[in-house]
Each structure stands twice: as C-alpha cells, then as structure tokens.
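Heads up, the thing below is written out as structure tokens.
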Protein chains: 2
Amino acid sequence: MQNQEETLSLTFAALTSPTRRAILARLAQGEATVNQLAEPFNMSLPAISKHIKVLENAGLIKQGQKAQYRPCTIDVKPLKEISNWTEQYRHIWESSFDRIDEYINQLNNKENNNE
Amino acid sequence: MQNQEETLSLTFAALTSPTRRAILARLAQGEATVNQLAEPFNMSLPAISKHIKVLENAGLIKQGQKAQYRPCTIDVKPLKEISNWTEQYRHIWESSFDRIDEYINQLNNKENNNE
C-alpha cells in the first residue's frame with residue numbers, strides 16, 4: 001500500500017508529459033483502445049503503450065482484460081487527490097486576487113475623482 | 001514566454017518531490033531563508049539549494065535579493081493553474097460519488113424494507 005506522499009509523487013510524475021495529459025483528456029470523453037489513442041497523436045504503438053503504462057502505474061487509467069480489445073478507461077481518483085492537495089494554497093491566491101481587486105478599485109476611484 | 005502546456009509540465013515536475021512539496025507547505029506560512037528551510041529537513045545547504053532552484057525555475061518560489069539574507073517566498077500562481085487544470089475532471093469524480101451515494105441509499109432502503 002502506497003502512502004499518500006508516494007501516491008502524489010507518482011501522480012505528479014505521470015502528469016509531467018503533455019502527451020499523457022492529452023491521453024487523459026481524450027479518455028475523459030469515454031474509453032478508447034490503444035489503437036484509437038495512438039491515432040490522433042501520430043505516435044507508434046510502442047510509444048503510446050509506454051505512456052499508457054506510466055498512467056496505469058499511477059492509477060490514472062485502467063485497461064480492460066478482453067483479448068484483442070482492451071479499452072482504456074480513466075480513473076480520476078488521483079486527480080481528485082491533486083485537486084485536494086492544491087486546496088491548502090487556495091487562501092493565498094484568493095487573498096492576492098483580493099489585493100489586485102482592491103488596487104484596481106483604488107485606481108478607478110482616483111480616475112473618477114480626476115474627471 | 002512559455003506556453004501553458006510547458007508551464008504545467010514544469011510545475012508538475014517540480015511537485016514530484018515530497019521535499020519540494022514540504023518546502024512549499026513551509027513557505028505558505030511565511031517567507032524563510034535557505035538556512036531556515038534546511039533545518040527542519042535535516043539536509044545540507046547544497047541539497048536544499050538544488051530543490052529551491054527547481055522550485056524557482058517552475059515559478060513556485062521567489063528569492064529576495066538582499067545580500068546575506070535572501071528570504072524565499074511562495075508564488076502560488078502555478079498551483080492555481082494546476083487547480084484549474086484538474087477542474088476539467090471534477091464532473092467525473094463528482095458523478096462517481098453521486099453513484100456511490102445512490103448505491104448506499106438503495107442499500108439503506110433495502111435494509112429498511114427488510115426490518
């Protein structure tokens with residue numbers, strides 16, 4: 001059983017590749033076979049299979065067991081974990097946007113006073 | 001200027017290390033010097049400096065320019081980008097929780113009917 005830190009590291013590592021992120025975006029629309037995934041990316045089957053293996057190891061996709069036809073499906077649980085992890089920083093970016101809003105309001109007020 | 005995909009890749013890569021995530025968590029509480037960061041992690045200054053460099057390259061921290069005392073501060077903009085990126089998958093995990101809720105309700109109903 002992985003601990004939460006290891007799971008996060010594995011998920012972040014899987015998401016460092018734009019191709020793997022694009023595969024996830026495709027699978028969010030529905031399951032697809034390796035062939036179907038390889039096509040739009042103009043990649044060889046071995047290349048796309050490597051990416052799929054990384055995503056599978058990170059728990060981000062599951063591959064069916066039907067012979068010949070092994071569709072990949074997305075598993076969003078690790079993405080939810082990442083979303084939860086970023087939440088601890090939300091108060092910081094929200095407060096900095098508040099400060100920008102405040103600054104813009106001050107500028108607008110000055111402008112109105114000068115009119 | 002990096003494009004959005006490159007920025008995401010760089011941010012995810014910086015976040016693959018539990019130590020770098022812990023540094024960010026520390027900096028979320030306020031600025032700290034490299035020495036102050038090195039202490040709780042029981043790491044050498046060169047080792048912690050390497051991590052800081054990776055975080056800085058990913059735009060996740062900024063280092064002050066005052067000689068002797070160069071405090072690091074967190075910059076959460078890339079974390080906000082990640083949070084936004086995960087949002088495209090929220091409907092999937094929310095609908096799977098809905099299905100689990102529905103299943104639990106059905107079980108409870110059955111139980112009530114059997115009483």
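By order of appearance in the structure tokens: chains A, B, ..., then residues from 1 within every chain, and ligands from 1 in the order shown.
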Same-sequence superposition of chain A onto chain B, all C-alpha, as an mmCIF file with C-alpha atoms, in the first residue's frame:
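Result saved to part19.cif:
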data_model
loop_
_atom_site.group_PDB
_atom_site.id
_atom_site.type_symbol
_atom_site.label_atom_id
_atom_site.label_comp_id
_atom_site.auth_asym_id
_atom_site.auth_seq_id
_atom_site.Cartn_x
_atom_site.Cartn_y
_atom_site.Cartn_z
ATOM 1 C CA MET A 1 7.616 33.063 -22.941
ATOM 2 C CA GLN A 2 6.545 29.528 -22.065
ATOM 3 C CA ASN A 3 3.306 28.223 -23.392
ATOM 4 C CA GLN A 4 0.704 26.880 -20.976
ATOM 5 C CA GLU A 5 1.553 23.219 -21.625
ATOM 6 C CA GLU A 6 5.253 23.808 -20.856
ATOM 7 C CA THR A 7 4.342 25.687 -17.683
ATOM 8 C CA LEU A 8 2.117 22.818 -16.545
ATOM 9 C CA SER A 9 4.874 20.249 -17.281
ATOM 10 C CA LEU A 10 7.413 22.288 -15.325
ATOM 11 C CA THR A 11 5.069 22.711 -12.370
ATOM 12 C CA PHE A 12 4.120 19.032 -12.230
ATOM 13 C CA ALA A 13 7.822 18.079 -12.432
ATOM 14 C CA ALA A 14 8.667 20.410 -9.523
ATOM 15 C CA LEU A 15 5.878 18.844 -7.455
ATOM 16 C CA THR A 16 7.041 15.219 -7.894
ATOM 17 C CA SER A 17 9.294 15.568 -4.818
ATOM 18 C CA PRO A 18 7.776 15.281 -1.303
ATOM 19 C CA THR A 19 10.596 17.526 -0.003
ATOM 20 C CA ARG A 20 9.732 20.266 -2.480
ATOM 21 C CA ARG A 21 6.054 19.979 -1.572
ATOM 22 C CA ALA A 22 7.025 20.278 2.117
ATOM 23 C CA ILE A 23 9.111 23.391 1.328
ATOM 24 C CA LEU A 24 6.053 24.952 -0.323
ATOM 25 C CA ALA A 25 3.872 24.061 2.664
ATOM 26 C CA ARG A 26 6.426 25.736 4.955
ATOM 27 C CA LEU A 27 6.589 28.875 2.758
ATOM 28 C CA ALA A 28 2.795 29.099 2.693
ATOM 29 C CA GLN A 29 3.154 30.104 6.366
ATOM 30 C CA GLY A 30 5.568 32.930 5.547
ATOM 31 C CA GLU A 31 8.959 33.658 3.980
ATOM 32 C CA ALA A 32 12.046 31.759 5.132
ATOM 33 C CA THR A 33 15.764 31.803 4.404
ATOM 34 C CA VAL A 34 17.548 28.795 2.915
ATOM 35 C CA ASN A 35 19.024 28.103 6.385
ATOM 36 C CA GLN A 36 15.588 28.171 7.965
ATOM 37 C CA LEU A 37 14.305 25.794 5.288
ATOM 38 C CA ALA A 38 17.259 23.396 5.608
ATOM 39 C CA GLU A 39 16.816 22.931 9.375
ATOM 40 C CA PRO A 40 13.529 21.017 9.687
ATOM 41 C CA PHE A 41 14.382 18.797 6.708
ATOM 42 C CA ASN A 42 17.728 17.798 8.190
ATOM 43 C CA MET A 43 19.342 18.340 4.782
ATOM 44 C CA SER A 44 22.636 19.905 3.717
ATOM 45 C CA LEU A 45 22.498 23.443 2.338
ATOM 46 C CA PRO A 46 23.580 22.307 -1.160
ATOM 47 C CA ALA A 47 20.818 19.670 -1.206
ATOM 48 C CA ILE A 48 18.118 22.107 -0.135
ATOM 49 C CA SER A 49 19.494 24.727 -2.567
ATOM 50 C CA LYS A 50 18.993 22.312 -5.463
ATOM 51 C CA HIS A 51 15.343 21.843 -4.501
ATOM 52 C CA ILE A 52 14.901 25.603 -4.184
ATOM 53 C CA LYS A 53 16.393 26.085 -7.652
ATOM 54 C CA VAL A 54 13.875 23.632 -9.154
ATOM 55 C CA LEU A 55 10.984 25.398 -7.408
ATOM 56 C CA GLU A 56 12.313 28.772 -8.562
ATOM 57 C CA ASN A 57 12.622 27.594 -12.187
ATOM 58 C CA ALA A 58 9.006 26.458 -12.038
ATOM 59 C CA GLY A 59 7.969 29.894 -10.764
ATOM 60 C CA LEU A 60 6.768 28.429 -7.471
ATOM 61 C CA ILE A 61 9.090 30.472 -5.275
ATOM 62 C CA LYS A 62 10.936 33.753 -5.491
ATOM 63 C CA GLN A 63 14.205 34.483 -3.754
ATOM 64 C CA GLY A 64 14.930 37.945 -2.401
ATOM 65 C CA GLN A 65 18.039 39.851 -3.460
ATOM 66 C CA LYS A 66 19.203 41.232 -0.098
ATOM 67 C CA ALA A 67 22.819 40.119 0.453
ATOM 68 C CA GLN A 68 23.343 37.614 3.314
ATOM 69 C CA TYR A 69 19.626 37.402 3.876
ATOM 70 C CA ARG A 70 17.760 36.156 0.813
ATOM 71 C CA PRO A 71 14.351 35.010 2.016
ATOM 72 C CA CYS A 72 12.298 32.680 -0.171
ATOM 73 C CA THR A 73 8.628 33.450 -0.720
ATOM 74 C CA ILE A 74 5.976 31.251 -2.287
ATOM 75 C CA ASP A 75 4.311 32.182 -5.577
ATOM 76 C CA VAL A 76 1.048 30.275 -5.885
ATOM 77 C CA LYS A 77 0.195 31.235 -9.486
ATOM 78 C CA PRO A 78 1.391 27.878 -10.913
ATOM 79 C CA LEU A 79 -0.593 26.040 -8.202
ATOM 80 C CA LYS A 80 -3.693 27.932 -9.267
ATOM 81 C CA GLU A 81 -3.032 26.811 -12.865
ATOM 82 C CA ILE A 82 -2.907 23.196 -11.696
ATOM 83 C CA SER A 83 -6.087 23.634 -9.720
ATOM 84 C CA ASN A 84 -7.766 25.072 -12.851
ATOM 85 C CA TRP A 85 -6.422 22.191 -14.939
ATOM 86 C CA THR A 86 -7.947 19.572 -12.604
ATOM 87 C CA GLU A 87 -11.332 21.322 -12.796
ATOM 88 C CA GLN A 88 -11.995 19.823 -16.264
ATOM 89 C CA TYR A 89 -12.245 16.408 -14.539
ATOM 90 C CA ARG A 90 -14.376 17.458 -11.582
ATOM 91 C CA HIS A 91 -17.668 16.495 -13.270
ATOM 92 C CA ILE A 92 -16.345 12.925 -13.569
ATOM 93 C CA TRP A 93 -15.433 12.440 -9.918
ATOM 94 C CA GLU A 94 -18.548 14.254 -8.765
ATOM 95 C CA SER A 95 -20.773 12.032 -10.875
ATOM 96 C CA SER A 96 -19.037 8.891 -9.572
ATOM 97 C CA PHE A 97 -19.601 10.054 -5.990
ATOM 98 C CA ASP A 98 -23.253 10.602 -6.899
ATOM 99 C CA ARG A 99 -23.395 6.988 -8.038
ATOM 100 C CA ILE A 100 -21.818 5.775 -4.784
ATOM 101 C CA ASP A 101 -24.320 7.879 -2.799
ATOM 102 C CA GLU A 102 -27.146 6.379 -4.806
ATOM 103 C CA TYR A 103 -25.837 2.870 -4.145
ATOM 104 C CA ILE A 104 -25.558 3.514 -0.402
ATOM 105 C CA ASN A 105 -29.098 4.896 -0.364
ATOM 106 C CA GLN A 106 -30.363 1.782 -2.129
ATOM 107 C CA LEU A 107 -28.592 -0.428 0.423
ATOM 108 C CA ASN A 108 -30.082 1.566 3.296
ATOM 109 C CA ASN A 109 -33.558 1.325 1.784
ATOM 110 C CA LYS A 110 -33.231 -2.438 1.398
ATOM 111 C CA GLU A 111 -32.106 -2.734 5.002
ATOM 112 C CA ASN A 112 -35.034 -0.619 6.207
ATOM 113 C CA ASN A 113 -37.463 -2.752 4.192
ATOM 114 C CA ASN A 114 -36.072 -5.928 5.743
ATOM 115 C CA GLU A 115 -36.426 -4.686 9.297
#
Run DSSP on the backbone and grab whatever in stretch 4-112 of chain A lands in strand (DSSP E); send it over as a ChimeraX atom specification. /A:61-63,72-74
Among stretch 40-87 of chain B, which ones does DSSP place in helix (DSSP H, G or I), written as a PDB file with N, CA and C atoms, in the first residue's frame?
ATOM      1  N   PRO B  40      14.660  22.084   9.325  1.00  0.00           N
ATOM      2  CA  PRO B  40      13.699  21.015   9.649  1.00  0.00           C
ATOM      3  C   PRO B  40      13.870  19.784   8.767  1.00  0.00           C
ATOM      4  N   PHE B  41      14.437  19.934   7.581  1.00  0.00           N
ATOM      5  CA  PHE B  41      14.559  18.804   6.667  1.00  0.00           C
ATOM      6  C   PHE B  41      15.845  18.027   6.891  1.00  0.00           C
ATOM      7  N   LEU B  45      22.980  22.371   2.989  1.00  0.00           N
ATOM      8  CA  LEU B  45      22.594  23.573   2.248  1.00  0.00           C
ATOM      9  C   LEU B  45      22.625  23.353   0.732  1.00  0.00           C
ATOM     10  N   PRO B  46      23.685  22.681   0.188  1.00  0.00           N
ATOM     11  CA  PRO B  46      23.677  22.459  -1.272  1.00  0.00           C
ATOM     12  C   PRO B  46      22.465  21.639  -1.729  1.00  0.00           C
ATOM     13  N   ALA B  47      22.073  20.637  -0.918  1.00  0.00           N
ATOM     14  CA  ALA B  47      20.929  19.788  -1.294  1.00  0.00           C
ATOM     15  C   ALA B  47      19.642  20.600  -1.308  1.00  0.00           C
ATOM     16  N   ILE B  48      19.436  21.399  -0.271  1.00  0.00           N
ATOM     17  CA  ILE B  48      18.203  22.189  -0.212  1.00  0.00           C
ATOM     18  C   ILE B  48      18.236  23.282  -1.292  1.00  0.00           C
ATOM     19  N   SER B  49      19.429  23.800  -1.588  1.00  0.00           N
ATOM     20  CA  SER B  49      19.551  24.838  -2.618  1.00  0.00           C
ATOM     21  C   SER B  49      19.136  24.310  -3.988  1.00  0.00           C
ATOM     22  N   LYS B  50      19.465  23.048  -4.246  1.00  0.00           N
ATOM     23  CA  LYS B  50      19.061  22.430  -5.515  1.00  0.00           C
ATOM     24  C   LYS B  50      17.535  22.392  -5.643  1.00  0.00           C
ATOM     25  N   HIS B  51      16.888  21.966  -4.538  1.00  0.00           N
ATOM     26  CA  HIS B  51      15.419  21.914  -4.547  1.00  0.00           C
ATOM     27  C   HIS B  51      14.827  23.306  -4.762  1.00  0.00           C
ATOM     28  N   ILE B  52      15.435  24.300  -4.095  1.00  0.00           N
ATOM     29  CA  ILE B  52      14.936  25.672  -4.213  1.00  0.00           C
ATOM     30  C   ILE B  52      15.070  26.161  -5.658  1.00  0.00           C
ATOM     31  N   LYS B  53      16.178  25.793  -6.289  1.00  0.00           N
ATOM     32  CA  LYS B  53      16.405  26.183  -7.686  1.00  0.00           C
ATOM     33  C   LYS B  53      15.308  25.596  -8.600  1.00  0.00           C
ATOM     34  N   VAL B  54      14.960  24.337  -8.370  1.00  0.00           N
ATOM     35  CA  VAL B  54      13.904  23.699  -9.183  1.00  0.00           C
ATOM     36  C   VAL B  54      12.570  24.424  -8.979  1.00  0.00           C
ATOM     37  N   LEU B  55      12.266  24.737  -7.718  1.00  0.00           N
ATOM     38  CA  LEU B  55      11.008  25.439  -7.424  1.00  0.00           C
ATOM     39  C   LEU B  55      11.016  26.841  -8.038  1.00  0.00           C
ATOM     40  N   GLU B  56      12.171  27.474  -8.010  1.00  0.00           N
ATOM     41  CA  GLU B  56      12.298  28.820  -8.573  1.00  0.00           C
ATOM     42  C   GLU B  56      12.115  28.784 -10.100  1.00  0.00           C
ATOM     43  N   ASN B  57      12.734  27.795 -10.743  1.00  0.00           N
ATOM     44  CA  ASN B  57      12.595  27.658 -12.202  1.00  0.00           C
ATOM     45  C   ASN B  57      11.143  27.410 -12.612  1.00  0.00           C
ATOM     46  N   LYS B  77       0.785  31.122  -8.079  1.00  0.00           N
ATOM     47  CA  LYS B  77       0.143  31.163  -9.410  1.00  0.00           C
ATOM     48  C   LYS B  77       0.182  29.803 -10.125  1.00  0.00           C
ATOM     49  N   PRO B  78       1.366  29.117 -10.151  1.00  0.00           N
ATOM     50  CA  PRO B  78       1.378  27.817 -10.843  1.00  0.00           C
ATOM     51  C   PRO B  78       0.471  26.775 -10.164  1.00  0.00           C
ATOM     52  N   LEU B  79       0.299  26.902  -8.847  1.00  0.00           N
ATOM     53  CA  LEU B  79      -0.583  25.955  -8.139  1.00  0.00           C
ATOM     54  C   LEU B  79      -2.037  26.212  -8.518  1.00  0.00           C
ATOM     55  N   LYS B  80      -2.354  27.471  -8.726  1.00  0.00           N
ATOM     56  CA  LYS B  80      -3.704  27.832  -9.171  1.00  0.00           C
ATOM     57  C   LYS B  80      -3.955  27.251 -10.568  1.00  0.00           C
ATOM     58  N   GLU B  81      -2.923  27.292 -11.422  1.00  0.00           N
ATOM     59  CA  GLU B  81      -3.052  26.727 -12.773  1.00  0.00           C
ATOM     60  C   GLU B  81      -3.352  25.228 -12.710  1.00  0.00           C
ATOM     61  N   ILE B  82      -2.677  24.540 -11.776  1.00  0.00           N
ATOM     62  CA  ILE B  82      -2.902  23.102 -11.614  1.00  0.00           C
ATOM     63  C   ILE B  82      -4.311  22.833 -11.112  1.00  0.00           C
ATOM     64  N   SER B  83      -4.709  23.663 -10.155  1.00  0.00           N
ATOM     65  CA  SER B  83      -6.066  23.513  -9.626  1.00  0.00           C
ATOM     66  C   SER B  83      -7.087  23.693 -10.754  1.00  0.00           C
ATOM     67  N   ASN B  84      -6.882  24.712 -11.589  1.00  0.00           N
ATOM     68  CA  ASN B  84      -7.780  24.937 -12.738  1.00  0.00           C
ATOM     69  C   ASN B  84      -7.757  23.753 -13.696  1.00  0.00           C
ATOM     70  N   TRP B  85      -6.559  23.208 -13.909  1.00  0.00           N
ATOM     71  CA  TRP B  85      -6.419  22.078 -14.836  1.00  0.00           C
ATOM     72  C   TRP B  85      -7.226  20.862 -14.342  1.00  0.00           C
ATOM     73  N   THR B  86      -7.180  20.608 -13.030  1.00  0.00           N
ATOM     74  CA  THR B  86      -7.915  19.440 -12.503  1.00  0.00           C
ATOM     75  C   THR B  86      -9.432  19.631 -12.603  1.00  0.00           C
ATOM     76  N   GLU B  87      -9.865  20.911 -12.666  1.00  0.00           N
ATOM     77  CA  GLU B  87     -11.314  21.182 -12.686  1.00  0.00           C
ATOM     78  C   GLU B  87     -12.041  20.503 -13.847  1.00  0.00           C
TER      79      GLU B  87
END
